[in-house]
Amino acid sequence: MNYKRNKILMCPPDFFSVEYIINPWMAGLTDPPNKEKAHQQWRQLRDTIARYADIVIIEPQPELPDMVFTANAGVVSKNKAIASHFMPHERRPEATHFKSWFKDNGYDLL
């Protein structure tokens, strides 16, 4: 059987941190995330997913610590994409990078 593997967009946690509170899971954190552990966990997740899908990387951006949550980038169906419009103001600059990525990788933005 010949089938096409799914593509999964991932962003390394190079700039991941908790600098603001936009959801309940961020509230009450007193210690900064352990960057080394975040990279280790990210690599493990990437390697596990890579067994079942093709991993595509988007470059992390300084000042955008939540880009690691690429599931929030938008919705994709075949070669069409709807990029997210983030409600939290802190995440809105991510949209530009995700829209560019979609366009650069052959998706038609709706």
# chains A, B, ... in the order shown; residues from 1 in each chain; ligands from 1
$ residues_around --residues "range 68-75 of chain A" --least-positions-apart "3" --cutoff "12 Å" --atoms "only C-alpha atoms" --output "compact mmCIF listing (two decimals) with all heavy atoms, in the first residue's frame"
# COMPACT_ATOMS: atom_id res chain seq x y z
N ILE A 8 3.79 17.18 10.15
CA ILE A 8 3.54 17.79 11.45
C ILE A 8 4.50 18.98 11.60
O ILE A 8 5.71 18.82 11.48
CB ILE A 8 3.77 16.79 12.61
CG1 ILE A 8 2.89 15.55 12.43
CG2 ILE A 8 3.54 17.46 13.95
CD1 ILE A 8 1.41 15.79 12.51
N LEU A 9 3.93 20.14 11.86
CA LEU A 9 4.71 21.36 12.06
C LEU A 9 5.15 21.44 13.52
O LEU A 9 4.33 21.31 14.43
CB LEU A 9 3.88 22.59 11.70
CG LEU A 9 4.55 23.95 11.86
CD1 LEU A 9 5.76 24.07 10.92
CD2 LEU A 9 3.55 25.06 11.61
N MET A 10 6.44 21.64 13.73
CA MET A 10 6.98 21.78 15.08
C MET A 10 7.93 22.97 15.13
O MET A 10 8.52 23.34 14.12
CB MET A 10 7.72 20.50 15.51
CG MET A 10 6.82 19.30 15.67
SD MET A 10 7.69 17.85 16.34
CE MET A 10 7.87 18.36 18.07
N CYS A 11 8.05 23.53 16.33
CA CYS A 11 8.93 24.67 16.56
C CYS A 11 9.79 24.36 17.78
O CYS A 11 9.25 24.11 18.86
CB CYS A 11 8.10 25.93 16.80
SG CYS A 11 9.08 27.41 17.11
N PRO A 12 11.11 24.37 17.65
CA PRO A 12 11.97 24.10 18.80
C PRO A 12 11.75 25.13 19.91
O PRO A 12 11.43 26.29 19.64
CB PRO A 12 13.39 24.23 18.23
CG PRO A 12 13.24 24.14 16.75
CD PRO A 12 11.87 24.63 16.42
N PRO A 13 11.94 24.72 21.16
CA PRO A 13 11.68 25.61 22.29
C PRO A 13 12.83 26.57 22.63
O PRO A 13 13.08 26.86 23.80
CB PRO A 13 11.42 24.63 23.44
CG PRO A 13 12.30 23.46 23.12
CD PRO A 13 12.27 23.37 21.61
N ASP A 14 13.51 27.06 21.61
CA ASP A 14 14.68 27.93 21.85
C ASP A 14 14.34 29.16 22.69
O ASP A 14 15.16 29.62 23.48
CB ASP A 14 15.28 28.39 20.52
CG ASP A 14 15.84 27.25 19.70
OD1 ASP A 14 15.78 26.08 20.15
OD2 ASP A 14 16.36 27.52 18.61
N PHE A 15 13.14 29.70 22.51
CA PHE A 15 12.75 30.92 23.22
C PHE A 15 11.57 30.69 24.16
O PHE A 15 10.98 31.65 24.65
CB PHE A 15 12.41 32.03 22.21
CG PHE A 15 13.55 32.32 21.29
CD1 PHE A 15 13.50 31.94 19.96
CD2 PHE A 15 14.69 32.96 21.74
CE1 PHE A 15 14.56 32.20 19.10
CE2 PHE A 15 15.76 33.22 20.89
CZ PHE A 15 15.70 32.84 19.57
N PHE A 16 11.24 29.42 24.41
CA PHE A 16 10.11 29.11 25.28
C PHE A 16 10.34 29.64 26.69
O PHE A 16 11.42 29.48 27.26
CB PHE A 16 9.87 27.60 25.33
CG PHE A 16 8.78 27.21 26.29
CD1 PHE A 16 7.48 27.60 26.06
CD2 PHE A 16 9.06 26.47 27.41
CE1 PHE A 16 6.46 27.26 26.95
CE2 PHE A 16 8.06 26.12 28.30
CZ PHE A 16 6.76 26.52 28.07
N SER A 17 9.33 30.30 27.20
CA SER A 17 9.35 30.78 28.59
C SER A 17 7.92 31.14 28.97
O SER A 17 7.02 31.10 28.14
CB SER A 17 10.28 31.99 28.75
OG SER A 17 9.77 33.08 28.04
N VAL A 18 7.73 31.46 30.21
CA VAL A 18 6.43 31.92 30.68
C VAL A 18 6.63 33.36 31.14
O VAL A 18 7.13 33.61 32.23
CB VAL A 18 5.87 31.04 31.80
CG1 VAL A 18 4.51 31.55 32.27
CG2 VAL A 18 5.76 29.59 31.34
N ALA A 38 13.29 21.26 28.58
CA ALA A 38 12.34 21.55 27.50
C ALA A 38 12.89 21.04 26.16
O ALA A 38 12.15 20.43 25.38
CB ALA A 38 12.05 23.05 27.43
N HIS A 39 14.17 21.28 25.90
CA HIS A 39 14.77 20.79 24.65
C HIS A 39 14.81 19.27 24.61
O HIS A 39 14.55 18.67 23.57
CB HIS A 39 16.17 21.38 24.47
CG HIS A 39 16.16 22.72 23.83
ND1 HIS A 39 16.07 23.88 24.55
CD2 HIS A 39 16.20 23.08 22.53
CE1 HIS A 39 16.07 24.91 23.73
NE2 HIS A 39 16.14 24.46 22.50
N TRP A 42 11.31 18.08 23.97
CA TRP A 42 10.91 18.40 22.60
C TRP A 42 11.55 17.42 21.63
O TRP A 42 10.88 16.92 20.72
CB TRP A 42 11.32 19.84 22.27
CG TRP A 42 10.86 20.27 20.91
CD1 TRP A 42 9.66 20.82 20.58
CD2 TRP A 42 11.60 20.18 19.69
NE1 TRP A 42 9.59 21.08 19.24
CE2 TRP A 42 10.78 20.69 18.66
CE3 TRP A 42 12.88 19.72 19.36
CZ2 TRP A 42 11.19 20.75 17.33
CZ3 TRP A 42 13.27 19.77 18.04
CH2 TRP A 42 12.44 20.29 17.05
N ARG A 46 9.60 14.98 19.16
CA ARG A 46 9.89 15.02 17.71
C ARG A 46 10.26 13.64 17.18
O ARG A 46 9.74 13.20 16.16
CB ARG A 46 11.02 16.01 17.43
CG ARG A 46 11.39 16.09 15.95
CD ARG A 46 12.79 16.63 15.75
NE ARG A 46 13.75 15.77 16.42
CZ ARG A 46 14.96 16.16 16.83
NH1 ARG A 46 15.36 17.40 16.65
NH2 ARG A 46 15.79 15.32 17.42
N ILE A 55 8.20 15.41 9.99
CA ILE A 55 8.31 16.60 10.81
C ILE A 55 8.80 17.76 9.95
O ILE A 55 9.76 17.62 9.19
CB ILE A 55 9.31 16.39 11.98
CG1 ILE A 55 8.91 15.19 12.83
CG2 ILE A 55 9.45 17.66 12.81
CD1 ILE A 55 7.58 15.33 13.51
N VAL A 56 8.13 18.89 10.07
CA VAL A 56 8.52 20.10 9.38
C VAL A 56 8.76 21.15 10.46
O VAL A 56 7.93 21.32 11.35
CB VAL A 56 7.43 20.57 8.39
CG1 VAL A 56 7.89 21.79 7.63
CG2 VAL A 56 7.06 19.44 7.44
N ILE A 57 9.88 21.83 10.37
CA ILE A 57 10.28 22.78 11.42
C ILE A 57 10.01 24.22 10.97
O ILE A 57 10.33 24.60 9.85
CB ILE A 57 11.78 22.63 11.75
CG1 ILE A 57 12.10 21.18 12.18
CG2 ILE A 57 12.21 23.63 12.81
CD1 ILE A 57 11.43 20.74 13.46
N ILE A 58 9.45 25.00 11.88
CA ILE A 58 9.37 26.45 11.70
C ILE A 58 10.37 27.05 12.68
O ILE A 58 10.51 26.57 13.81
CB ILE A 58 7.94 27.00 11.94
CG1 ILE A 58 7.88 28.49 11.58
CG2 ILE A 58 7.46 26.72 13.35
CD1 ILE A 58 6.46 29.06 11.55
N GLU A 59 11.09 28.04 12.21
CA GLU A 59 12.13 28.64 13.05
C GLU A 59 11.51 29.42 14.21
O GLU A 59 10.61 30.22 14.01
CB GLU A 59 13.00 29.58 12.22
CG GLU A 59 13.90 28.87 11.24
CD GLU A 59 14.89 27.95 11.91
OE1 GLU A 59 15.50 28.33 12.93
OE2 GLU A 59 15.06 26.82 11.41
N PRO A 60 11.99 29.16 15.43
CA PRO A 60 11.51 29.93 16.57
C PRO A 60 11.93 31.39 16.45
O PRO A 60 12.93 31.70 15.80
CB PRO A 60 12.17 29.25 17.77
CG PRO A 60 13.37 28.58 17.23
CD PRO A 60 13.06 28.23 15.79
N GLN A 61 11.15 32.25 17.06
CA GLN A 61 11.42 33.69 16.98
C GLN A 61 11.61 34.27 18.38
O GLN A 61 10.83 33.96 19.28
CB GLN A 61 10.26 34.41 16.29
CG GLN A 61 9.99 33.94 14.88
CD GLN A 61 11.16 34.22 13.95
OE1 GLN A 61 11.73 35.30 13.96
NE2 GLN A 61 11.54 33.24 13.15
N PRO A 62 12.61 35.11 18.54
CA PRO A 62 12.77 35.79 19.83
C PRO A 62 11.50 36.60 20.14
O PRO A 62 10.82 37.05 19.22
CB PRO A 62 13.96 36.73 19.62
CG PRO A 62 14.56 36.36 18.31
CD PRO A 62 13.56 35.57 17.55
N LEU A 64 8.75 35.57 21.05
CA LEU A 64 7.52 34.81 20.83
C LEU A 64 7.65 33.43 21.48
O LEU A 64 7.80 32.40 20.81
CB LEU A 64 7.23 34.68 19.33
CG LEU A 64 7.02 36.00 18.58
CD1 LEU A 64 6.82 35.76 17.10
CD2 LEU A 64 5.85 36.77 19.19
N PRO A 65 7.57 33.39 22.81
CA PRO A 65 7.83 32.14 23.53
C PRO A 65 6.80 31.04 23.31
O PRO A 65 7.10 29.87 23.53
CB PRO A 65 7.82 32.58 25.00
CG PRO A 65 6.97 33.80 25.03
CD PRO A 65 7.23 34.49 23.72
N LYS A 78 -5.66 19.57 3.06
CA LYS A 78 -4.98 19.40 1.78
C LYS A 78 -4.00 20.55 1.56
O LYS A 78 -3.08 20.70 2.34
CB LYS A 78 -5.97 19.21 0.65
CG LYS A 78 -6.83 17.98 0.85
CD LYS A 78 -7.81 17.78 -0.25
CE LYS A 78 -8.65 16.56 0.09
NZ LYS A 78 -9.81 16.44 -0.74
N ASN A 79 -4.21 21.38 0.53
CA ASN A 79 -3.25 22.47 0.29
C ASN A 79 -3.81 23.83 0.71
O ASN A 79 -3.30 24.86 0.32
CB ASN A 79 -2.86 22.50 -1.20
CG ASN A 79 -4.00 22.98 -2.07
OD1 ASN A 79 -5.16 22.70 -1.80
ND2 ASN A 79 -3.67 23.69 -3.13
N LYS A 80 -4.83 23.82 1.54
CA LYS A 80 -5.43 25.07 2.00
C LYS A 80 -5.21 25.22 3.50
O LYS A 80 -5.19 24.25 4.24
CB LYS A 80 -6.92 25.09 1.70
CG LYS A 80 -7.20 24.98 0.21
CD LYS A 80 -8.61 25.30 -0.13
CE LYS A 80 -8.92 25.14 -1.60
NZ LYS A 80 -8.00 25.66 -2.53
N ALA A 81 -5.03 26.48 3.93
CA ALA A 81 -4.80 26.75 5.35
C ALA A 81 -5.55 28.00 5.77
O ALA A 81 -5.69 28.95 4.99
CB ALA A 81 -3.31 26.93 5.61
N ILE A 82 -6.04 27.98 6.98
CA ILE A 82 -6.59 29.16 7.63
C ILE A 82 -5.69 29.43 8.82
O ILE A 82 -5.65 28.64 9.76
CB ILE A 82 -8.04 28.93 8.10
CG1 ILE A 82 -8.94 28.56 6.93
CG2 ILE A 82 -8.56 30.18 8.82
CD1 ILE A 82 -10.34 28.13 7.33
N ALA A 83 -4.94 30.50 8.75
CA ALA A 83 -4.02 30.84 9.83
C ALA A 83 -4.81 31.42 11.00
O ALA A 83 -5.83 32.09 10.82
CB ALA A 83 -2.98 31.85 9.35
N SER A 84 -4.33 31.14 12.18
CA SER A 84 -5.00 31.62 13.39
C SER A 84 -4.89 33.13 13.53
O SER A 84 -3.91 33.74 13.11
CB SER A 84 -4.38 30.97 14.62
OG SER A 84 -4.68 29.60 14.66
N HIS A 85 -5.92 33.69 14.13
CA HIS A 85 -5.89 35.07 14.62
C HIS A 85 -5.97 34.92 16.13
O HIS A 85 -7.00 34.57 16.68
CB HIS A 85 -7.07 35.88 14.09
CG HIS A 85 -7.16 37.23 14.72
ND1 HIS A 85 -6.33 38.26 14.33
CD2 HIS A 85 -7.94 37.71 15.71
CE1 HIS A 85 -6.63 39.32 15.06
NE2 HIS A 85 -7.59 39.01 15.91
N PHE A 86 -4.85 35.13 16.78
CA PHE A 86 -4.77 34.88 18.22
C PHE A 86 -5.50 35.96 19.01
O PHE A 86 -5.30 37.15 18.78
CB PHE A 86 -3.30 34.82 18.66
CG PHE A 86 -2.57 33.66 18.05
CD1 PHE A 86 -1.80 33.83 16.91
CD2 PHE A 86 -2.65 32.41 18.62
CE1 PHE A 86 -1.13 32.76 16.35
CE2 PHE A 86 -1.98 31.33 18.07
CZ PHE A 86 -1.21 31.51 16.93
N MET A 87 -6.32 35.53 19.95
CA MET A 87 -7.02 36.48 20.80
C MET A 87 -6.06 37.18 21.77
O MET A 87 -6.13 38.40 21.92
CB MET A 87 -8.16 35.80 21.55
CG MET A 87 -9.30 35.37 20.62
SD MET A 87 -9.93 36.71 19.56
CE MET A 87 -10.62 37.81 20.77
N ARG A 91 0.27 36.87 21.69
CA ARG A 91 0.52 35.85 20.67
C ARG A 91 0.27 36.35 19.25
O ARG A 91 0.65 35.69 18.28
CB ARG A 91 -0.35 34.61 20.93
CG ARG A 91 0.11 33.89 22.21
CD ARG A 91 -0.32 32.47 22.25
NE ARG A 91 0.33 31.68 21.22
CZ ARG A 91 0.02 30.41 20.99
NH1 ARG A 91 -0.91 29.80 21.68
NH2 ARG A 91 0.65 29.74 20.04
N ARG A 92 -0.33 37.49 19.09
CA ARG A 92 -0.69 37.97 17.74
C ARG A 92 0.49 38.09 16.79
O ARG A 92 0.34 37.80 15.60
CB ARG A 92 -1.46 39.28 17.84
CG ARG A 92 -2.87 39.03 18.34
CD ARG A 92 -3.76 40.18 18.17
NE ARG A 92 -5.07 39.82 18.70
CZ ARG A 92 -6.01 40.69 18.96
NH1 ARG A 92 -5.82 41.97 18.73
NH2 ARG A 92 -7.16 40.29 19.43
N PRO A 93 1.69 38.50 17.24
CA PRO A 93 2.81 38.57 16.29
C PRO A 93 3.19 37.22 15.68
O PRO A 93 3.83 37.17 14.63
CB PRO A 93 3.96 39.14 17.13
CG PRO A 93 3.29 39.88 18.24
CD PRO A 93 2.05 39.09 18.53
N GLU A 94 2.80 36.11 16.31
CA GLU A 94 3.08 34.78 15.75
C GLU A 94 2.40 34.60 14.40
O GLU A 94 2.92 33.89 13.53
CB GLU A 94 2.60 33.68 16.69
CG GLU A 94 3.32 33.60 18.01
CD GLU A 94 2.71 32.54 18.92
OE1 GLU A 94 2.29 31.48 18.41
OE2 GLU A 94 2.65 32.77 20.13
N ALA A 95 1.22 35.19 14.24
CA ALA A 95 0.42 34.98 13.03
C ALA A 95 1.20 35.31 11.77
O ALA A 95 1.11 34.60 10.77
CB ALA A 95 -0.87 35.80 13.11
N THR A 96 1.97 36.38 11.81
CA THR A 96 2.78 36.78 10.64
C THR A 96 3.73 35.66 10.24
O THR A 96 3.87 35.34 9.05
CB THR A 96 3.56 38.06 10.95
OG1 THR A 96 2.64 39.08 11.30
CG2 THR A 96 4.42 38.50 9.77
N HIS A 97 4.38 35.05 11.21
CA HIS A 97 5.36 34.00 10.93
C HIS A 97 4.67 32.73 10.42
O HIS A 97 5.15 32.08 9.48
CB HIS A 97 6.19 33.70 12.17
CG HIS A 97 6.99 34.87 12.62
ND1 HIS A 97 8.13 35.28 11.98
CD2 HIS A 97 6.78 35.76 13.63
CE1 HIS A 97 8.61 36.36 12.58
NE2 HIS A 97 7.81 36.67 13.58
N PHE A 98 3.53 32.39 11.03
CA PHE A 98 2.82 31.21 10.57
C PHE A 98 2.24 31.42 9.17
O PHE A 98 2.30 30.52 8.32
CB PHE A 98 1.72 30.81 11.56
CG PHE A 98 2.26 30.20 12.82
CD1 PHE A 98 1.90 30.70 14.06
CD2 PHE A 98 3.12 29.12 12.79
CE1 PHE A 98 2.39 30.15 15.24
CE2 PHE A 98 3.64 28.55 13.96
CZ PHE A 98 3.25 29.06 15.18
N LYS A 99 1.70 32.60 8.89
CA LYS A 99 1.18 32.88 7.54
C LYS A 99 2.29 32.79 6.50
O LYS A 99 2.11 32.19 5.43
CB LYS A 99 0.53 34.26 7.49
CG LYS A 99 -0.81 34.32 8.16
CD LYS A 99 -1.37 35.73 8.13
CE LYS A 99 -2.70 35.81 8.86
NZ LYS A 99 -3.23 37.18 8.90
N SER A 100 3.45 33.35 6.82
CA SER A 100 4.59 33.26 5.89
C SER A 100 4.99 31.82 5.68
O SER A 100 5.29 31.41 4.55
CB SER A 100 5.78 34.06 6.44
OG SER A 100 5.50 35.42 6.42
N TRP A 101 5.01 31.04 6.74
CA TRP A 101 5.38 29.63 6.62
C TRP A 101 4.40 28.91 5.71
O TRP A 101 4.81 28.16 4.82
CB TRP A 101 5.46 28.96 8.00
CG TRP A 101 5.97 27.57 7.87
CD1 TRP A 101 7.27 27.16 7.93
CD2 TRP A 101 5.20 26.40 7.59
NE1 TRP A 101 7.35 25.82 7.70
CE2 TRP A 101 6.10 25.32 7.48
CE3 TRP A 101 3.85 26.16 7.40
CZ2 TRP A 101 5.68 24.02 7.22
CZ3 TRP A 101 3.43 24.86 7.12
CH2 TRP A 101 4.34 23.81 7.04
N PHE A 102 3.11 29.11 5.93
CA PHE A 102 2.10 28.47 5.09
C PHE A 102 2.33 28.84 3.62
O PHE A 102 2.36 27.95 2.74
CB PHE A 102 0.68 28.86 5.51
CG PHE A 102 0.20 28.18 6.77
CD1 PHE A 102 -0.36 28.94 7.79
CD2 PHE A 102 0.28 26.81 6.94
CE1 PHE A 102 -0.83 28.32 8.96
CE2 PHE A 102 -0.17 26.19 8.10
CZ PHE A 102 -0.74 26.96 9.11
N TYR A 107 0.92 26.37 0.70
CA TYR A 107 -0.48 26.37 1.11
C TYR A 107 -1.18 27.63 0.60
O TYR A 107 -0.60 28.70 0.60
CB TYR A 107 -0.60 26.29 2.64
CG TYR A 107 -0.16 24.97 3.21
CD1 TYR A 107 1.16 24.78 3.61
CD2 TYR A 107 -1.05 23.93 3.34
CE1 TYR A 107 1.58 23.57 4.12
CE2 TYR A 107 -0.65 22.69 3.85
CZ TYR A 107 0.67 22.53 4.25
OH TYR A 107 1.09 21.32 4.75
N ASP A 108 -2.41 27.47 0.19
CA ASP A 108 -3.25 28.61 -0.16
C ASP A 108 -3.92 29.09 1.12
O ASP A 108 -4.64 28.32 1.77
CB ASP A 108 -4.33 28.21 -1.17
CG ASP A 108 -3.74 27.79 -2.51
OD1 ASP A 108 -2.70 28.35 -2.90
OD2 ASP A 108 -4.34 26.90 -3.15
N LEU A 109 -3.68 30.34 1.47
CA LEU A 109 -4.31 30.88 2.67
C LEU A 109 -5.72 31.35 2.34
O LEU A 109 -5.94 32.02 1.35
CB LEU A 109 -3.50 32.06 3.21
CG LEU A 109 -2.27 31.68 4.03
CD1 LEU A 109 -1.46 32.91 4.39
CD2 LEU A 109 -2.67 30.94 5.30
N LEU A 110 -6.63 30.96 3.18
CA LEU A 110 -8.04 31.37 3.01
C LEU A 110 -8.36 32.52 3.93
O LEU A 110 -7.75 32.75 4.92
CB LEU A 110 -8.97 30.20 3.31
CG LEU A 110 -8.75 28.95 2.44
CD1 LEU A 110 -9.68 27.83 2.90
CD2 LEU A 110 -8.98 29.27 0.99
$ residues_around --residues "Ile22 in chain A" --least-positions-apart "2" --cutoff "12 Å" --atoms "only C-alpha atoms" --output "PyMOL selection string"
chain A and resi 18-20+24-28+66+86-91
$ write_last_selection --atoms "all heavy atoms" --output "short mmCIF file (atom, residue, chain, number, x, y, z; two decimals), in the first residue's frame"
data_model
loop_
_atom_site.label_atom_id
_atom_site.label_comp_id
_atom_site.auth_asym_id
_atom_site.auth_seq_id
_atom_site.Cartn_x
_atom_site.Cartn_y
_atom_site.Cartn_z
N VAL A 18 7.73 31.46 30.21
CA VAL A 18 6.43 31.92 30.68
C VAL A 18 6.63 33.36 31.14
O VAL A 18 7.13 33.61 32.23
CB VAL A 18 5.87 31.04 31.80
CG1 VAL A 18 4.51 31.55 32.27
CG2 VAL A 18 5.76 29.59 31.34
N GLU A 19 6.27 34.28 30.26
CA GLU A 19 6.52 35.70 30.53
C GLU A 19 5.24 36.49 30.79
O GLU A 19 5.29 37.66 31.13
CB GLU A 19 7.25 36.32 29.32
CG GLU A 19 8.60 35.67 29.06
CD GLU A 19 9.26 36.16 27.80
OE1 GLU A 19 8.72 37.06 27.12
OE2 GLU A 19 10.33 35.63 27.47
N TYR A 20 4.10 35.86 30.59
CA TYR A 20 2.81 36.50 30.79
C TYR A 20 1.80 35.40 31.10
O TYR A 20 2.11 34.22 30.98
CB TYR A 20 2.39 37.29 29.55
CG TYR A 20 2.64 36.57 28.24
CD1 TYR A 20 1.81 35.54 27.81
CD2 TYR A 20 3.73 36.89 27.44
CE1 TYR A 20 2.05 34.86 26.63
CE2 TYR A 20 3.97 36.23 26.25
CZ TYR A 20 3.12 35.22 25.85
OH TYR A 20 3.35 34.55 24.69
N PRO A 24 -5.19 29.60 32.41
CA PRO A 24 -5.04 29.14 33.79
C PRO A 24 -3.79 28.31 34.06
O PRO A 24 -3.29 28.28 35.17
CB PRO A 24 -6.30 28.29 34.01
CG PRO A 24 -7.25 28.65 32.94
CD PRO A 24 -6.44 29.18 31.80
N TRP A 25 -3.26 27.64 33.04
CA TRP A 25 -2.10 26.79 33.23
C TRP A 25 -0.83 27.60 33.45
O TRP A 25 0.17 27.10 33.97
CB TRP A 25 -1.91 25.84 32.04
CG TRP A 25 -3.08 24.93 31.91
CD1 TRP A 25 -3.27 23.75 32.54
CD2 TRP A 25 -4.23 25.15 31.10
NE1 TRP A 25 -4.48 23.22 32.19
CE2 TRP A 25 -5.11 24.06 31.30
CE3 TRP A 25 -4.63 26.16 30.25
CZ2 TRP A 25 -6.33 23.95 30.68
CZ3 TRP A 25 -5.86 26.04 29.62
CH2 TRP A 25 -6.69 24.96 29.83
N MET A 26 -0.85 28.85 33.07
CA MET A 26 0.32 29.72 33.24
C MET A 26 0.31 30.42 34.60
O MET A 26 1.35 30.89 35.05
CB MET A 26 0.36 30.76 32.13
CG MET A 26 0.48 30.16 30.74
SD MET A 26 0.26 31.38 29.45
CE MET A 26 1.96 31.80 29.12
N ALA A 27 -0.84 30.49 35.23
CA ALA A 27 -0.97 31.20 36.51
C ALA A 27 -0.27 30.42 37.62
O ALA A 27 -0.27 29.20 37.65
CB ALA A 27 -2.44 31.39 36.85
N GLY A 28 0.37 31.15 38.50
CA GLY A 28 0.98 30.53 39.68
C GLY A 28 2.36 29.94 39.46
O GLY A 28 2.94 29.39 40.39
N ASP A 66 5.61 31.40 22.84
CA ASP A 66 4.57 30.38 22.66
C ASP A 66 4.49 29.80 21.25
O ASP A 66 3.58 29.02 20.96
CB ASP A 66 3.20 30.96 23.05
CG ASP A 66 3.07 31.14 24.56
OD1 ASP A 66 3.78 30.44 25.31
OD2 ASP A 66 2.26 31.98 24.98
N PHE A 86 -4.85 35.13 16.78
CA PHE A 86 -4.77 34.88 18.22
C PHE A 86 -5.50 35.96 19.01
O PHE A 86 -5.30 37.15 18.78
CB PHE A 86 -3.30 34.82 18.66
CG PHE A 86 -2.57 33.66 18.05
CD1 PHE A 86 -1.80 33.83 16.91
CD2 PHE A 86 -2.65 32.41 18.62
CE1 PHE A 86 -1.13 32.76 16.35
CE2 PHE A 86 -1.98 31.33 18.07
CZ PHE A 86 -1.21 31.51 16.93
N MET A 87 -6.32 35.53 19.95
CA MET A 87 -7.02 36.48 20.80
C MET A 87 -6.06 37.18 21.77
O MET A 87 -6.13 38.40 21.92
CB MET A 87 -8.16 35.80 21.55
CG MET A 87 -9.30 35.37 20.62
SD MET A 87 -9.93 36.71 19.56
CE MET A 87 -10.62 37.81 20.77
N PRO A 88 -5.17 36.44 22.45
CA PRO A 88 -4.23 37.14 23.34
C PRO A 88 -3.29 38.03 22.53
O PRO A 88 -2.67 37.59 21.56
CB PRO A 88 -3.46 36.02 24.03
CG PRO A 88 -4.31 34.81 23.86
CD PRO A 88 -5.03 34.99 22.57
N HIS A 89 -3.20 39.27 22.90
CA HIS A 89 -2.33 40.22 22.20
C HIS A 89 -0.88 39.74 22.17
O HIS A 89 -0.16 40.00 21.20
CB HIS A 89 -2.42 41.61 22.83
CG HIS A 89 -3.74 42.25 22.61
ND1 HIS A 89 -4.07 42.89 21.44
CD2 HIS A 89 -4.85 42.32 23.40
CE1 HIS A 89 -5.31 43.34 21.52
NE2 HIS A 89 -5.81 43.00 22.70
N GLU A 90 -0.46 39.05 23.21
CA GLU A 90 0.93 38.58 23.30
C GLU A 90 1.27 37.59 22.19
O GLU A 90 2.42 37.48 21.78
CB GLU A 90 1.19 37.91 24.66
CG GLU A 90 1.07 38.85 25.84
CD GLU A 90 -0.36 38.97 26.38
OE1 GLU A 90 -1.32 38.50 25.71
OE2 GLU A 90 -0.52 39.55 27.46
N ARG A 91 0.27 36.87 21.69
CA ARG A 91 0.52 35.85 20.67
C ARG A 91 0.27 36.35 19.25
O ARG A 91 0.65 35.69 18.28
CB ARG A 91 -0.35 34.61 20.93
CG ARG A 91 0.11 33.89 22.21
CD ARG A 91 -0.32 32.47 22.25
NE ARG A 91 0.33 31.68 21.22
CZ ARG A 91 0.02 30.41 20.99
NH1 ARG A 91 -0.91 29.80 21.68
NH2 ARG A 91 0.65 29.74 20.04
#
$ closest_residue --among "A:Tyr52, A:Ile21, A:Glu63, A:Gly106" --to "Val76 in chain A" --atoms "only C-alpha atoms"
A:Gly106
$ select_by_dssp --residues "chain A" --states "alpha helix (DSSP H)" --output "number ranges by chain"
A: 35-50, 92-104
$ atom_distance --atom1 "CA of Asn23 in chain A" --atom2 "CA of Thr48 in chain A"
27.5 Å
$ atom_distance --atom1 "CA of Lys7 in chain A" --atom2 "CA of Gln40 in chain A"
21.5 Å
$ select_by_dssp --residues "range 1-60 of chain A" --states "strand (DSSP E or B)" --output "MDAnalysis selection string"
chainID A and resid 7:10 54:57
$ atom_distance --atom1 "CA of Asp54 in chain A" --atom2 "CA of Asn105 in chain A"
13.9 Å
$ decode --residues "range 52-65 of chain A" --atoms "C-alpha atoms" --output "PDB file, in the first residue's frame"
ATOM      1  CA  TYR A  52       4.586   8.127  12.095  1.00  0.00           C
ATOM      2  CA  ALA A  53       4.717  11.449  10.246  1.00  0.00           C
ATOM      3  CA  ASP A  54       7.104  13.823   8.529  1.00  0.00           C
ATOM      4  CA  ILE A  55       8.311  16.604  10.813  1.00  0.00           C
ATOM      5  CA  VAL A  56       8.525  20.100   9.376  1.00  0.00           C
ATOM      6  CA  ILE A  57      10.278  22.777  11.416  1.00  0.00           C
ATOM      7  CA  ILE A  58       9.366  26.449  11.703  1.00  0.00           C
ATOM      8  CA  GLU A  59      12.131  28.641  13.048  1.00  0.00           C
ATOM      9  CA  PRO A  60      11.506  29.931  16.574  1.00  0.00           C
ATOM     10  CA  GLN A  61      11.420  33.692  16.975  1.00  0.00           C
ATOM     11  CA  PRO A  62      12.766  35.790  19.832  1.00  0.00           C
ATOM     12  CA  GLU A  63      10.042  37.514  21.840  1.00  0.00           C
ATOM     13  CA  LEU A  64       7.523  34.809  20.831  1.00  0.00           C
ATOM     14  CA  PRO A  65       7.831  32.143  23.534  1.00  0.00           C
TER      15      PRO A  65
END
